[in-house]
Amino acid sequence: MESILDAAESVVADMGVDAASTNAIAERAGASVGSLYHFFPSKEAIIEALARRFAERKRELNARAIPIERADMPLEEVFERVIDSHANFVDQTPAFGPVYDAVLKGPGGFITSDLFDALVGQVRAFIAARLPHISAKERETAAVTSVSTIHGVMLTVSRLPRDQRAPVLRELKRMMVAYFRPLEEPPATAASTRAKSSSRESDLHGAPRARRQKRSTRSR
């Protein structure tokens, strides 16, 4: 069965999901079409099996990138590890994008939902270990936001020519670090930062009024 999935992954990478036929997959696997149908009743079943394979790979690489015991690593390193591991997966798995798109459109969409939920769970646990001072609601929001953003950008990157991927990935890392940096601040520091920001806004809005009041006083 694994040899058939290997062949299917290769065929999809070469010609896409729509053009990939069970005959082409069986030929690439060095098997008869009859033996292919013994394991998979249709091409759609093969594509769903590939999607499950890819989902498991992504869960494993994500777990390796953010182990709980390394929750205190520098923030930049966190996203270097996460984004580089997913980017390498995209580079090494050209069939991922087409397969993911195909299952989203068909009855196998639950596979992508399960993958998303699994990744969010991993990230939520990592955030809980790294940022115990933030609330459960903030952890959930941060986990969903980060998984949605990284996963969405990776799908886009998978469709880009290889020479256009590096700048997008670099900006993704910067964006994620900028998003998480305020969450890293202890509560007292975060409150102080918000107070200073509010004070600066008050000064900006209050200064024109003060100047107008001075001019009005002088005119009287």
# chains A, B, ... in the order shown; residues from 1 in each chain; ligands from 1
$ residues_around --residues "Leu61 (chain A)" --least-positions-apart "3" --cutoff "9 Å" --atoms "only C-alpha atoms" --output "PyMOL selection string"
chain A and resi 56-58+64-66+82+85-86+89
$ write_last_selection --atoms "C-alpha atoms" --output "mmCIF file, in the first residue's frame"
data_model
loop_
_atom_site.group_PDB
_atom_site.id
_atom_site.type_symbol
_atom_site.label_atom_id
_atom_site.label_comp_id
_atom_site.auth_asym_id
_atom_site.auth_seq_id
_atom_site.Cartn_x
_atom_site.Cartn_y
_atom_site.Cartn_z
ATOM 1 C CA GLU A 56 0.735 13.105 9.944
ATOM 2 C CA ARG A 57 4.069 14.373 8.610
ATOM 3 C CA LYS A 58 3.116 17.954 9.402
ATOM 4 C CA ARG A 64 9.745 18.491 16.696
ATOM 5 C CA ALA A 65 9.955 22.224 15.990
ATOM 6 C CA ILE A 66 8.300 23.310 19.248
ATOM 7 C CA VAL A 82 8.590 26.279 12.839
ATOM 8 C CA SER A 85 10.512 23.027 8.984
ATOM 9 C CA HIS A 86 7.214 23.668 7.207
ATOM 10 C CA PHE A 89 8.225 20.126 3.891
#
$ residues_around --residues "Leu183 (chain A)" --least-positions-apart "3" --cutoff "8 Å" --atoms "only C-alpha atoms" --output "ChimeraX atom specification"
/A:131,134,179-180,186
$ write_last_selection --atoms "C-alpha atoms" --output "compact mmCIF listing (two decimals), in the first residue's frame"
# COMPACT_ATOMS: atom_id res chain seq x y z
CA LEU A 131 3.54 32.18 28.49
CA ILE A 134 -1.64 34.97 29.67
CA TYR A 179 2.71 39.49 16.81
CA PHE A 180 4.02 37.46 19.75
CA PRO A 186 4.98 40.31 31.89
$ residues_around --residues "Arg53 (chain A)" --least-positions-apart "6" --cutoff "12 Å" --atoms "only C-alpha atoms" --output "ChimeraX atom specification"
/A:2,5-6,8-9,46-47,59-60,93,95-96,99-100,111-112,115
$ select_by_dssp --residues "region 55-215 of chain A" --states "alpha helix (DSSP H)" --output "PyMOL selection string"
chain A and resi 55-65+75-92+96-105+109-130+136-158+165-184+187-215
$ closest_residue --among "A:Thr22, A:Ser113, A:Leu169, A:Val147" --to "Ser42 (chain A)" --atoms "only C-alpha atoms"
A:Thr22
$ closest_residue --among "A:Ile127, A:Ile25, A:Ala51, A:Ala102" --to "Val78 (chain A)" --atoms "only C-alpha atoms"
A:Ile127
